[in-house]
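entry_30.cif, holding mmCIF, C-alpha atoms and all ligand atoms; chains and numbers go by the auth columns:
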data_entry
#
loop_
_atom_site.group_PDB
_atom_site.id
_atom_site.type_symbol
_atom_site.label_atom_id
_atom_site.label_comp_id
_atom_site.label_asym_id
_atom_site.label_seq_id
_atom_site.Cartn_x
_atom_site.Cartn_y
_atom_site.Cartn_z
_atom_site.B_iso_or_equiv
_atom_site.auth_seq_id
_atom_site.auth_asym_id
ATOM 1 C CA MET A 1 64.146 147.493 82.262 0.00 295 A
ATOM 2 C CA ASN A 2 64.503 148.616 78.693 0.00 296 A
ATOM 3 C CA PRO A 3 62.458 151.720 77.750 0.00 297 A
ATOM 4 C CA VAL A 4 61.954 150.294 74.258 0.00 298 A
ATOM 5 C CA GLU A 5 60.012 147.395 75.795 0.00 299 A
ATOM 6 C CA HIS A 6 57.846 150.042 77.503 0.00 300 A
ATOM 7 C CA GLY A 7 56.880 151.673 74.221 0.00 301 A
ATOM 8 C CA PHE A 8 59.666 154.274 73.888 0.00 302 A
ATOM 9 C CA PRO A 9 61.115 154.517 70.360 0.00 303 A
ATOM 10 C CA GLU A 10 64.529 153.079 69.513 0.00 304 A
ATOM 11 C CA ASP A 11 65.380 156.326 67.739 0.00 305 A
ATOM 12 C CA PRO A 12 65.366 159.610 69.721 0.00 306 A
ATOM 13 C CA TRP A 13 64.270 161.582 66.653 0.00 307 A
ATOM 14 C CA GLU A 14 60.820 160.076 66.940 0.00 308 A
ATOM 15 C CA LEU A 15 60.533 161.601 70.422 0.00 309 A
ATOM 16 C CA LEU A 16 61.995 164.911 69.238 0.00 310 A
ATOM 17 C CA ARG A 17 59.419 165.211 66.490 0.00 311 A
ATOM 18 C CA ASP A 18 56.754 164.838 69.169 0.00 312 A
ATOM 19 C CA TRP A 19 58.421 167.213 71.667 0.00 313 A
ATOM 20 C CA LEU A 20 59.593 170.121 69.506 0.00 314 A
ATOM 21 C CA PRO A 21 57.705 172.498 67.201 0.00 315 A
ATOM 22 C CA SER A 22 58.255 171.833 63.496 0.00 316 A
ATOM 23 C CA ASN A 23 60.980 173.843 61.779 0.00 317 A
ATOM 24 C CA ASP A 24 58.471 175.992 59.900 0.00 318 A
ATOM 25 C CA ASP A 25 56.762 177.130 63.126 0.00 319 A
ATOM 26 C CA PRO A 26 57.731 180.823 63.451 0.00 320 A
ATOM 27 C CA VAL A 27 57.698 180.579 67.267 0.00 321 A
ATOM 28 C CA ARG A 28 61.102 179.081 68.003 0.00 322 A
ATOM 29 C CA PRO A 29 61.935 177.366 71.293 0.00 323 A
ATOM 30 C CA THR A 30 64.785 178.735 73.363 0.00 324 A
ATOM 31 C CA MET A 31 67.627 176.641 74.719 0.00 325 A
ATOM 32 C CA THR A 32 70.719 177.053 76.827 0.00 326 A
ATOM 33 C CA LEU A 33 74.005 176.435 75.034 0.00 327 A
ATOM 34 C CA ALA A 34 76.852 175.534 77.380 0.00 328 A
ATOM 35 C CA THR A 35 80.433 175.752 76.137 0.00 329 A
ATOM 36 C CA LEU A 36 83.882 175.603 77.691 0.00 330 A
ATOM 37 C CA ASP A 37 85.942 178.751 78.178 0.00 331 A
ATOM 38 C CA HIS A 38 89.479 177.490 78.895 0.00 332 A
ATOM 39 C CA GLY A 39 87.900 174.663 80.907 0.00 333 A
ATOM 40 C CA ILE A 40 85.422 176.890 82.754 0.00 334 A
ATOM 41 C CA PRO A 41 81.726 176.381 81.822 0.00 335 A
ATOM 42 C CA ASP A 42 79.930 179.247 80.084 0.00 336 A
ATOM 43 C CA ALA A 43 76.275 179.372 78.998 0.00 337 A
ATOM 44 C CA ARG A 44 73.734 181.552 77.236 0.00 338 A
ATOM 45 C CA THR A 45 70.198 181.393 75.840 0.00 339 A
ATOM 46 C CA LEU A 46 69.750 180.891 72.086 0.00 340 A
ATOM 47 C CA LEU A 47 66.917 180.160 69.705 0.00 341 A
ATOM 48 C CA LEU A 48 66.752 176.600 68.438 0.00 342 A
ATOM 49 C CA SER A 49 66.651 177.481 64.721 0.00 343 A
ATOM 50 C CA GLU A 50 65.940 173.974 63.407 0.00 344 A
ATOM 51 C CA PHE A 51 66.508 170.312 64.136 0.00 345 A
ATOM 52 C CA ASP A 52 66.747 167.270 61.895 0.00 346 A
ATOM 53 C CA ALA A 53 68.158 163.758 61.982 0.00 347 A
ATOM 54 C CA HIS A 54 71.708 165.217 62.124 0.00 348 A
ATOM 55 C CA GLY A 55 71.112 167.372 65.175 0.00 349 A
ATOM 56 C CA PHE A 56 70.248 170.837 66.455 0.00 350 A
ATOM 57 C CA TYR A 57 70.990 174.132 64.694 0.00 351 A
ATOM 58 C CA PHE A 58 71.614 177.576 66.128 0.00 352 A
ATOM 59 C CA HIS A 59 72.708 180.844 64.519 0.00 353 A
ATOM 60 C CA THR A 60 74.812 183.617 65.884 0.00 354 A
ATOM 61 C CA ASP A 61 77.516 186.215 65.223 0.00 355 A
ATOM 62 C CA SER A 62 80.832 184.735 64.112 0.00 356 A
ATOM 63 C CA ARG A 63 82.667 187.355 66.243 0.00 357 A
ATOM 64 C CA SER A 64 80.934 186.260 69.451 0.00 358 A
ATOM 65 C CA ARG A 65 82.629 184.686 72.445 0.00 359 A
ATOM 66 C CA LYS A 66 80.834 181.369 71.993 0.00 360 A
ATOM 67 C CA ILE A 67 82.391 180.991 68.523 0.00 361 A
ATOM 68 C CA GLU A 68 85.867 181.612 69.916 0.00 362 A
ATOM 69 C CA GLN A 69 85.163 178.962 72.563 0.00 363 A
ATOM 70 C CA LEU A 70 83.856 176.457 69.986 0.00 364 A
ATOM 71 C CA ALA A 71 86.971 176.926 67.867 0.00 365 A
ATOM 72 C CA ALA A 72 89.052 175.866 70.890 0.00 366 A
ATOM 73 C CA ASP A 73 86.726 173.048 71.998 0.00 367 A
ATOM 74 C CA PRO A 74 83.562 172.073 70.085 0.00 368 A
ATOM 75 C CA SER A 75 82.139 170.045 73.016 0.00 369 A
ATOM 76 C CA VAL A 76 78.777 171.480 74.082 0.00 370 A
ATOM 77 C CA ALA A 77 75.656 170.821 76.100 0.00 371 A
ATOM 78 C CA LEU A 78 72.183 172.048 75.181 0.00 372 A
ATOM 79 C CA MET A 79 69.254 172.321 77.540 0.00 373 A
ATOM 80 C CA LEU A 80 65.664 172.907 76.446 0.00 374 A
ATOM 81 C CA HIS A 81 63.089 173.484 79.159 0.00 375 A
ATOM 82 C CA LEU A 82 59.455 173.080 78.074 0.00 376 A
ATOM 83 C CA PRO A 83 57.613 173.959 81.297 0.00 377 A
ATOM 84 C CA GLU A 84 54.080 173.812 79.883 0.00 378 A
ATOM 85 C CA GLN A 85 54.620 170.189 78.882 0.00 379 A
ATOM 86 C CA ARG A 86 56.610 169.391 82.057 0.00 380 A
ATOM 87 C CA ARG A 87 59.533 168.379 79.892 0.00 381 A
ATOM 88 C CA GLN A 88 63.257 169.015 79.761 0.00 382 A
ATOM 89 C CA LEU A 89 65.732 167.845 77.148 0.00 383 A
ATOM 90 C CA THR A 90 69.466 167.800 77.809 0.00 384 A
ATOM 91 C CA VAL A 91 71.927 167.082 75.010 0.00 385 A
ATOM 92 C CA GLN A 92 75.660 166.478 74.916 0.00 386 A
ATOM 93 C CA GLY A 93 77.339 166.781 71.557 0.00 387 A
ATOM 94 C CA ILE A 94 79.874 168.302 69.233 0.00 388 A
ATOM 95 C CA ALA A 95 79.257 171.534 67.329 0.00 389 A
ATOM 96 C CA GLU A 96 80.313 172.093 63.722 0.00 390 A
ATOM 97 C CA VAL A 97 79.623 174.848 61.198 0.00 391 A
ATOM 98 C CA ALA A 98 76.260 174.248 59.503 0.00 392 A
ATOM 99 C CA PRO A 99 75.933 174.087 55.710 0.00 393 A
ATOM 100 C CA ASP A 100 75.675 177.536 54.125 0.00 394 A
ATOM 101 C CA GLU A 101 72.338 176.813 52.432 0.00 395 A
ATOM 102 C CA GLU A 102 70.825 175.921 55.818 0.00 396 A
ATOM 103 C CA SER A 103 72.005 179.226 57.329 0.00 397 A
ATOM 104 C CA ALA A 104 70.719 181.171 54.312 0.00 398 A
ATOM 105 C CA ARG A 105 67.294 179.531 54.620 0.00 399 A
ATOM 106 C CA VAL A 106 67.064 180.233 58.359 0.00 400 A
ATOM 107 C CA TYR A 107 68.121 183.869 57.861 0.00 401 A
ATOM 108 C CA ARG A 108 65.378 184.383 55.270 0.00 402 A
ATOM 109 C CA ALA A 109 62.831 183.053 57.769 0.00 403 A
ATOM 110 C CA ARG A 110 63.970 185.384 60.583 0.00 404 A
ATOM 111 C CA SER A 111 61.798 188.411 61.453 0.00 405 A
ATOM 112 C CA PRO A 112 62.916 191.813 60.085 0.00 406 A
ATOM 113 C CA TYR A 113 63.873 192.755 63.672 0.00 407 A
ATOM 114 C CA LEU A 114 66.216 189.750 64.032 0.00 408 A
ATOM 115 C CA GLN A 115 67.647 190.305 60.550 0.00 409 A
ATOM 116 C CA GLN A 116 68.494 193.901 61.457 0.00 410 A
ATOM 117 C CA LEU A 117 69.877 192.781 64.805 0.00 411 A
ATOM 118 C CA ALA A 118 72.276 190.488 62.959 0.00 412 A
ATOM 119 C CA TRP A 119 73.738 193.644 61.323 0.00 413 A
ATOM 120 C CA GLN A 120 73.739 195.993 64.293 0.00 414 A
ATOM 121 C CA ASN A 121 74.633 193.680 67.173 0.00 415 A
ATOM 122 C CA THR A 122 78.162 195.053 67.592 0.00 416 A
ATOM 123 C CA VAL A 123 80.209 196.195 70.574 0.00 417 A
ATOM 124 C CA GLU A 124 80.372 199.703 69.038 0.00 418 A
ATOM 125 C CA PHE A 125 76.568 199.848 68.886 0.00 419 A
ATOM 126 C CA ALA A 126 76.323 198.500 72.445 0.00 420 A
ATOM 127 C CA GLY A 127 78.467 201.399 73.648 0.00 421 A
ATOM 128 C CA LEU A 128 76.242 204.176 72.231 0.00 422 A
ATOM 129 C CA ASP A 129 73.848 206.038 74.479 0.00 423 A
ATOM 130 C CA ASP A 130 70.146 205.208 74.162 0.00 424 A
ATOM 131 C CA ALA A 131 69.221 208.157 71.928 0.00 425 A
ATOM 132 C CA ASP A 132 72.019 207.319 69.470 0.00 426 A
ATOM 133 C CA ARG A 133 71.115 203.640 69.548 0.00 427 A
ATOM 134 C CA GLU A 134 67.519 204.426 68.622 0.00 428 A
ATOM 135 C CA ALA A 135 68.481 206.957 65.932 0.00 429 A
ATOM 136 C CA SER A 136 71.022 204.596 64.370 0.00 430 A
ATOM 137 C CA TRP A 137 68.527 201.712 64.448 0.00 431 A
ATOM 138 C CA ALA A 138 65.834 203.812 62.766 0.00 432 A
ATOM 139 C CA SER A 139 68.143 205.179 60.067 0.00 433 A
ATOM 140 C CA PHE A 140 69.499 201.683 59.284 0.00 434 A
ATOM 141 C CA ALA A 141 65.923 200.397 58.967 0.00 435 A
ATOM 142 C CA ALA A 142 64.981 203.319 56.676 0.00 436 A
ATOM 143 C CA ALA A 143 68.048 202.736 54.488 0.00 437 A
ATOM 144 C CA HIS A 144 67.138 199.039 54.107 0.00 438 A
ATOM 145 C CA ALA A 145 63.398 199.344 53.622 0.00 439 A
ATOM 146 C CA ASP A 146 63.623 196.739 50.817 0.00 440 A
ATOM 147 C CA GLY A 147 65.009 194.131 53.226 0.00 441 A
ATOM 148 C CA PHE A 148 68.247 193.122 54.904 0.00 442 A
ATOM 149 C CA GLY A 149 70.581 190.747 53.111 0.00 443 A
ATOM 150 C CA ARG A 150 72.517 188.258 55.227 0.00 444 A
ATOM 151 C CA PRO A 151 75.556 189.787 56.945 0.00 445 A
ATOM 152 C CA PRO A 152 78.857 187.934 56.429 0.00 446 A
ATOM 153 C CA THR A 153 79.181 187.612 60.212 0.00 447 A
ATOM 154 C CA TRP A 154 75.996 185.568 60.557 0.00 448 A
ATOM 155 C CA ILE A 155 76.886 181.909 61.062 0.00 449 A
ATOM 156 C CA GLY A 156 75.060 178.657 61.779 0.00 450 A
ATOM 157 C CA TYR A 157 76.186 175.692 63.857 0.00 451 A
ATOM 158 C CA LEU A 158 74.964 172.119 63.976 0.00 452 A
ATOM 159 C CA VAL A 159 75.214 170.220 67.265 0.00 453 A
ATOM 160 C CA ARG A 160 75.501 166.505 66.581 0.00 454 A
ATOM 161 C CA PRO A 161 74.296 164.747 69.732 0.00 455 A
ATOM 162 C CA SER A 162 76.092 161.897 71.447 0.00 456 A
ATOM 163 C CA ARG A 163 73.645 161.755 74.371 0.00 457 A
ATOM 164 C CA LEU A 164 70.040 162.924 74.699 0.00 458 A
ATOM 165 C CA THR A 165 68.238 162.838 78.042 0.00 459 A
ATOM 166 C CA PHE A 166 64.468 163.338 78.024 0.00 460 A
ATOM 167 C CA TRP A 167 62.986 164.351 81.370 0.00 461 A
ATOM 168 C CA PHE A 168 59.321 163.592 81.903 0.00 462 A
ATOM 169 C CA GLY A 169 57.615 165.457 84.723 0.00 463 A
ATOM 170 C CA SER A 170 54.325 164.379 86.221 0.00 464 A
ATOM 171 C CA GLU A 171 51.736 165.796 88.603 0.00 465 A
ATOM 172 C CA SER A 172 50.668 162.381 89.862 0.00 466 A
ATOM 173 C CA THR A 173 53.898 160.395 90.147 0.00 467 A
ATOM 174 C CA ALA A 174 57.675 160.746 90.197 0.00 468 A
ATOM 175 C CA SER A 175 59.489 162.328 87.291 0.00 469 A
ATOM 176 C CA ARG A 176 61.800 160.091 85.285 0.00 470 A
ATOM 177 C CA ARG A 177 64.233 160.338 82.411 0.00 471 A
ATOM 178 C CA VAL A 178 64.846 158.314 79.289 0.00 472 A
ATOM 179 C CA GLU A 179 68.381 158.521 77.932 0.00 473 A
ATOM 180 C CA TYR A 180 69.749 157.814 74.461 0.00 474 A
ATOM 181 C CA GLN A 181 73.498 157.301 74.229 0.00 475 A
ATOM 182 C CA THR A 182 75.353 156.638 70.986 0.00 476 A
ATOM 183 C CA SER A 183 76.838 153.146 70.930 0.00 477 A
ATOM 184 C CA PRO A 184 78.460 151.001 68.240 0.00 478 A
ATOM 185 C CA GLY A 185 75.157 149.220 67.567 0.00 479 A
ATOM 186 C CA GLY A 186 73.024 152.381 67.382 0.00 480 A
ATOM 187 C CA TRP A 187 71.374 154.113 70.337 0.00 481 A
ATOM 188 C CA ALA A 188 71.577 152.557 73.814 0.00 482 A
ATOM 189 C CA VAL A 189 68.352 153.474 75.643 0.00 483 A
ATOM 190 C CA SER A 190 67.976 153.460 79.419 0.00 484 A
ATOM 191 C CA PHE A 191 65.777 154.786 82.208 0.00 485 A
ATOM 192 C CA ARG A 192 67.257 157.189 84.760 0.00 486 A
ATOM 193 C CA ALA A 193 65.787 158.542 87.956 0.00 487 A
ATOM 194 C CA GLY A 194 64.195 161.962 87.561 0.00 488 A
HETATM 195 C C1 LIG B . 65.458 184.567 74.608 0.00 1 B
HETATM 196 C C2 LIG B . 66.821 184.830 74.011 0.00 1 B
HETATM 197 C C3 LIG B . 67.127 184.325 72.758 0.00 1 B
HETATM 198 C C4 LIG B . 68.375 184.560 72.203 0.00 1 B
HETATM 199 N N1 LIG B . 68.664 184.017 70.985 0.00 1 B
HETATM 200 C C5 LIG B . 69.897 184.190 70.444 0.00 1 B
HETATM 201 C C6 LIG B . 70.253 183.542 69.209 0.00 1 B
HETATM 202 O O1 LIG B . 69.487 182.782 68.606 0.00 1 B
HETATM 203 N N2 LIG B . 71.499 183.781 68.719 0.00 1 B
HETATM 204 C C7 LIG B . 72.406 184.577 69.381 0.00 1 B
HETATM 205 O O2 LIG B . 73.519 184.730 68.879 0.00 1 B
HETATM 206 N N3 LIG B . 72.112 185.169 70.549 0.00 1 B
HETATM 207 C C8 LIG B . 70.884 184.990 71.098 0.00 1 B
HETATM 208 N N4 LIG B . 70.581 185.568 72.318 0.00 1 B
HETATM 209 C C9 LIG B . 71.648 186.347 73.000 0.00 1 B
HETATM 210 C C10 LIG B . 72.598 185.363 73.729 0.00 1 B
HETATM 211 O O3 LIG B . 72.005 184.880 74.928 0.00 1 B
HETATM 212 C C11 LIG B . 73.980 185.969 74.059 0.00 1 B
HETATM 213 O O4 LIG B . 73.840 187.119 74.859 0.00 1 B
HETATM 214 C C12 LIG B . 74.782 186.330 72.798 0.00 1 B
HETATM 215 O O5 LIG B . 74.633 185.343 71.793 0.00 1 B
HETATM 216 C C13 LIG B . 76.265 186.513 73.140 0.00 1 B
HETATM 217 O O6 LIG B . 76.761 185.324 73.717 0.00 1 B
HETATM 218 P P1 LIG B . 78.341 184.984 73.855 0.00 1 B
HETATM 219 O O7 LIG B . 79.021 186.253 74.265 0.00 1 B
HETATM 220 O O8 LIG B . 78.398 183.933 74.903 0.00 1 B
HETATM 221 O O9 LIG B . 78.818 184.503 72.516 0.00 1 B
HETATM 222 C C14 LIG B . 69.340 185.332 72.898 0.00 1 B
HETATM 223 C C15 LIG B . 69.030 185.816 74.177 0.00 1 B
HETATM 224 C C16 LIG B . 67.801 185.565 74.718 0.00 1 B
HETATM 225 C C17 LIG B . 67.511 186.097 76.114 0.00 1 B
#
Can the structure from this file be put into C-alpha cells for me?
Amino acid sequence: MNPVEHGFPEDPWELLRDWLPSNDDPVRPTMTLATLDHGIPDARTLLLSEFDAHGFYFHTDSRSRKIEQLAADPSVALMLHLPEQRRQLTVQGIAEVAPDEESARVYRARSPYLQQLAWQNTVEFAGLDDADREASWASFAAAHADGFGRPPTWIGYLVRPSRLTFWFGSESTASRRVEYQTSPGGWAVSFRAG
C-alpha cells in the first residue's frame, strides 16, 4: 500500500503548502520544538516563522536555553497541532542557523510588540516587579517611537527535516498517518496507523 498510488504527493512540500498558512499570512501557527538537554528531552512553544523547500524556520533569543542545547546537539522534533482541521504534523530534523537575510525579513514582519519583546526579554527584566516592568516597557516604547531595529541577540534557525509524519483525523472513520522519510532515492512514503 503506497500512499502515492492513493493520490498522496511524492513530495511532502506539496502537502505542507496545503496544510500551512502562507509565509505572508500575519497569523503564524504555533509549534512545539523539542530539543535534548544532556540527553533529557525539553520542549517549548514557538511561532513557525516561515517554511520553504529547505525546512521550517523559527526565531528566538541567542542567549536562550534552547540555543545552548542546539549547540550541543542540533537534533530536534517539531510538532504542529491544527485542531480545526483535525491535523497534526510531526517532524524530525536537524537545526542550523538560518541565513541572516531571512532573519532580517522575518523581524521586519513581526508586530511592534514582538519586536520590542526581542529587546526586553531578559532575565533582568523578568526579575523586576510588575510596576517596574510596565514603566520600563512604556519608556522603551516611547524612546523607540520610530521603530525597533533588530537586536543582535535575535537569531533564526532552519530545521531541515529527515522525517515528516502527517496525521489525518476524521469524524467518520479511523485516523491515519502518512509518513515521508528521507532515503537515497528521494522520499520514502508510507502509511502508518493513526
Ligand atoms: C504561543 C507562544 C508562542 C511563542 N513563540 C515564541 C517564539 O517564536 N520564539 C521564542 O523565542 N519564544 C517563543 N515563546 C516562548 C517560548 O515558549 C519559551 O518560553 C522561550 O523561547 C524560552 O525557551 P527556552 O528557555 O527553552 O530557550 C512562545 C510562547 C508561546 C506560549
Surrounding residues as an NGL selection string, ligand LIG 1 (chain B), max 12 Å, only C-alpha atoms and all ligand atoms | :A and (321-331 or 335-344 or 351-364 or 374 or 400-401 or 404-405 or 408-409 or 411-413 or 415-417 or 420 or 447-451)
Residue with smallest distance to Phe434 in chain A - pool A:Gly387, A:Pro446, A:Pro406, A:Pro315, counting all atoms listed in the file =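 Closest to Phe434 in chain A, using all atoms listed in the file: A:Pro406.
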Grab the CA of Asp423 in chain A to CA of His438 in chain A distance for me, in Å with one decimal place.
->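 Taking CA of Asp423 in chain A and CA of His438 in chain A, their separation equals 22.6 Å.
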Residue IDs satisfying the PyMOL selection byres (((chain A and resi 302-304) around 9) and not hetatm), as a list in words = Asn296, Pro297, Val298, Glu299, His300, Gly301, Asp305, Pro306, Trp307, Glu308, Leu309, Val472, Tyr474, Gly480, Trp481, Ala482 and Val483 of chain A
Report the distance between CA of Ser456 in chain A and CA of His348 in chain A in Å, rounded to one decimal place.
-> 10.8 Å
Separation of CA of Ala347 in chain A from CA of Gln386 in chain A in Å = 15.2 Å
Can range 398-409 of chain A be brought up to all heavy atoms and written out as a PDB file, in the coordinates of the input?
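That gives us rebuild-v3.pdb:
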ATOM      1  N   ALA A 398      71.408 180.199  55.181  1.00  0.00           N
ATOM      2  CA  ALA A 398      70.719 181.171  54.312  1.00  0.00           C
ATOM      3  C   ALA A 398      69.201 181.020  54.454  1.00  0.00           C
ATOM      4  O   ALA A 398      68.472 182.014  54.567  1.00  0.00           O
ATOM      5  CB  ALA A 398      71.138 180.953  52.863  1.00  0.00           C
ATOM      6  N   ARG A 399      68.741 179.778  54.499  1.00  0.00           N
ATOM      7  CA  ARG A 399      67.294 179.531  54.620  1.00  0.00           C
ATOM      8  C   ARG A 399      66.770 180.056  55.955  1.00  0.00           C
ATOM      9  O   ARG A 399      65.734 180.719  56.027  1.00  0.00           O
ATOM     10  CB  ARG A 399      67.022 178.029  54.498  1.00  0.00           C
ATOM     11  CG  ARG A 399      65.538 177.682  54.499  1.00  0.00           C
ATOM     12  CD  ARG A 399      65.287 176.191  54.384  1.00  0.00           C
ATOM     13  NE  ARG A 399      65.827 175.436  55.508  1.00  0.00           N
ATOM     14  CZ  ARG A 399      66.758 174.513  55.402  1.00  0.00           C
ATOM     15  NH1 ARG A 399      67.289 174.230  54.233  1.00  0.00           N
ATOM     16  NH2 ARG A 399      67.187 173.866  56.476  1.00  0.00           N
ATOM     17  N   VAL A 400      67.513 179.787  57.036  1.00  0.00           N
ATOM     18  CA  VAL A 400      67.064 180.233  58.359  1.00  0.00           C
ATOM     19  C   VAL A 400      67.062 181.759  58.423  1.00  0.00           C
ATOM     20  O   VAL A 400      66.132 182.366  58.961  1.00  0.00           O
ATOM     21  CB  VAL A 400      67.963 179.621  59.471  1.00  0.00           C
ATOM     22  CG1 VAL A 400      67.718 180.298  60.813  1.00  0.00           C
ATOM     23  CG2 VAL A 400      67.699 178.131  59.581  1.00  0.00           C
ATOM     24  N   TYR A 401      68.075 182.394  57.830  1.00  0.00           N
ATOM     25  CA  TYR A 401      68.121 183.869  57.861  1.00  0.00           C
ATOM     26  C   TYR A 401      66.896 184.456  57.153  1.00  0.00           C
ATOM     27  O   TYR A 401      66.277 185.401  57.658  1.00  0.00           O
ATOM     28  CB  TYR A 401      69.411 184.383  57.226  1.00  0.00           C
ATOM     29  CG  TYR A 401      69.554 185.885  57.370  1.00  0.00           C
ATOM     30  CD1 TYR A 401      69.954 186.449  58.577  1.00  0.00           C
ATOM     31  CD2 TYR A 401      69.249 186.738  56.312  1.00  0.00           C
ATOM     32  CE1 TYR A 401      70.066 187.826  58.729  1.00  0.00           C
ATOM     33  CE2 TYR A 401      69.361 188.118  56.458  1.00  0.00           C
ATOM     34  CZ  TYR A 401      69.764 188.654  57.665  1.00  0.00           C
ATOM     35  OH  TYR A 401      69.857 190.017  57.821  1.00  0.00           O
ATOM     36  N   ARG A 402      66.551 183.873  56.007  1.00  0.00           N
ATOM     37  CA  ARG A 402      65.378 184.383  55.270  1.00  0.00           C
ATOM     38  C   ARG A 402      64.113 184.289  56.100  1.00  0.00           C
ATOM     39  O   ARG A 402      63.200 185.100  55.980  1.00  0.00           O
ATOM     40  CB  ARG A 402      65.197 183.611  53.947  1.00  0.00           C
ATOM     41  CG  ARG A 402      66.146 184.035  52.848  1.00  0.00           C
ATOM     42  CD  ARG A 402      65.686 183.509  51.494  1.00  0.00           C
ATOM     43  NE  ARG A 402      65.635 182.057  51.435  1.00  0.00           N
ATOM     44  CZ  ARG A 402      66.670 181.275  51.128  1.00  0.00           C
ATOM     45  NH1 ARG A 402      67.840 181.814  50.846  1.00  0.00           N
ATOM     46  NH2 ARG A 402      66.542 179.955  51.109  1.00  0.00           N
ATOM     47  N   ALA A 403      64.038 183.269  56.966  1.00  0.00           N
ATOM     48  CA  ALA A 403      62.831 183.053  57.769  1.00  0.00           C
ATOM     49  C   ALA A 403      62.799 183.911  59.037  1.00  0.00           C
ATOM     50  O   ALA A 403      61.771 183.978  59.717  1.00  0.00           O
ATOM     51  CB  ALA A 403      62.716 181.568  58.139  1.00  0.00           C
ATOM     52  N   ARG A 404      63.923 184.556  59.377  1.00  0.00           N
ATOM     53  CA  ARG A 404      63.970 185.384  60.583  1.00  0.00           C
ATOM     54  C   ARG A 404      63.112 186.642  60.408  1.00  0.00           C
ATOM     55  O   ARG A 404      62.961 187.148  59.289  1.00  0.00           O
ATOM     56  CB  ARG A 404      65.412 185.803  60.887  1.00  0.00           C
ATOM     57  CG  ARG A 404      66.259 184.700  61.487  1.00  0.00           C
ATOM     58  CD  ARG A 404      65.983 184.570  62.973  1.00  0.00           C
ATOM     59  NE  ARG A 404      67.041 183.869  63.659  1.00  0.00           N
ATOM     60  CZ  ARG A 404      67.021 182.576  63.963  1.00  0.00           C
ATOM     61  NH1 ARG A 404      65.988 181.833  63.637  1.00  0.00           N
ATOM     62  NH2 ARG A 404      68.037 182.024  64.601  1.00  0.00           N
ATOM     63  N   SER A 405      62.599 187.183  61.500  1.00  0.00           N
ATOM     64  CA  SER A 405      61.798 188.411  61.453  1.00  0.00           C
ATOM     65  C   SER A 405      62.698 189.578  61.006  1.00  0.00           C
ATOM     66  O   SER A 405      63.923 189.525  61.192  1.00  0.00           O
ATOM     67  CB  SER A 405      61.238 188.709  62.838  1.00  0.00           C
ATOM     68  OG  SER A 405      62.311 189.012  63.719  1.00  0.00           O
ATOM     69  N   PRO A 406      62.101 190.640  60.446  1.00  0.00           N
ATOM     70  CA  PRO A 406      62.916 191.813  60.085  1.00  0.00           C
ATOM     71  C   PRO A 406      63.718 192.329  61.285  1.00  0.00           C
ATOM     72  O   PRO A 406      64.875 192.737  61.131  1.00  0.00           O
ATOM     73  CB  PRO A 406      61.875 192.841  59.616  1.00  0.00           C
ATOM     74  CG  PRO A 406      60.732 192.005  59.125  1.00  0.00           C
ATOM     75  CD  PRO A 406      60.701 190.793  60.013  1.00  0.00           C
ATOM     76  N   TYR A 407      63.135 192.284  62.485  1.00  0.00           N
ATOM     77  CA  TYR A 407      63.873 192.755  63.672  1.00  0.00           C
ATOM     78  C   TYR A 407      65.156 191.931  63.865  1.00  0.00           C
ATOM     79  O   TYR A 407      66.247 192.474  64.060  1.00  0.00           O
ATOM     80  CB  TYR A 407      62.997 192.661  64.935  1.00  0.00           C
ATOM     81  CG  TYR A 407      63.790 192.987  66.189  1.00  0.00           C
ATOM     82  CD1 TYR A 407      63.968 194.313  66.591  1.00  0.00           C
ATOM     83  CD2 TYR A 407      64.399 191.982  66.934  1.00  0.00           C
ATOM     84  CE1 TYR A 407      64.741 194.618  67.712  1.00  0.00           C
ATOM     85  CE2 TYR A 407      65.165 192.277  68.047  1.00  0.00           C
ATOM     86  CZ  TYR A 407      65.331 193.589  68.436  1.00  0.00           C
ATOM     87  OH  TYR A 407      66.104 193.893  69.529  1.00  0.00           O
ATOM     88  N   LEU A 408      65.027 190.596  63.793  1.00  0.00           N
ATOM     89  CA  LEU A 408      66.216 189.750  64.032  1.00  0.00           C
ATOM     90  C   LEU A 408      67.219 189.873  62.887  1.00  0.00           C
ATOM     91  O   LEU A 408      68.427 189.773  63.107  1.00  0.00           O
ATOM     92  CB  LEU A 408      65.792 188.294  64.250  1.00  0.00           C
ATOM     93  CG  LEU A 408      65.092 188.020  65.590  1.00  0.00           C
ATOM     94  CD1 LEU A 408      64.670 186.555  65.685  1.00  0.00           C
ATOM     95  CD2 LEU A 408      65.991 188.386  66.778  1.00  0.00           C
ATOM     96  N   GLN A 409      66.715 190.108  61.662  1.00  0.00           N
ATOM     97  CA  GLN A 409      67.647 190.305  60.550  1.00  0.00           C
ATOM     98  C   GLN A 409      68.456 191.592  60.763  1.00  0.00           C
ATOM     99  O   GLN A 409      69.663 191.622  60.555  1.00  0.00           O
ATOM    100  CB  GLN A 409      66.883 190.369  59.228  1.00  0.00           C
ATOM    101  CG  GLN A 409      66.307 189.024  58.813  1.00  0.00           C
ATOM    102  CD  GLN A 409      65.672 189.069  57.441  1.00  0.00           C
ATOM    103  OE1 GLN A 409      65.457 190.136  56.880  1.00  0.00           O
ATOM    104  NE2 GLN A 409      65.341 187.913  56.906  1.00  0.00           N
TER     105      GLN A 409
END
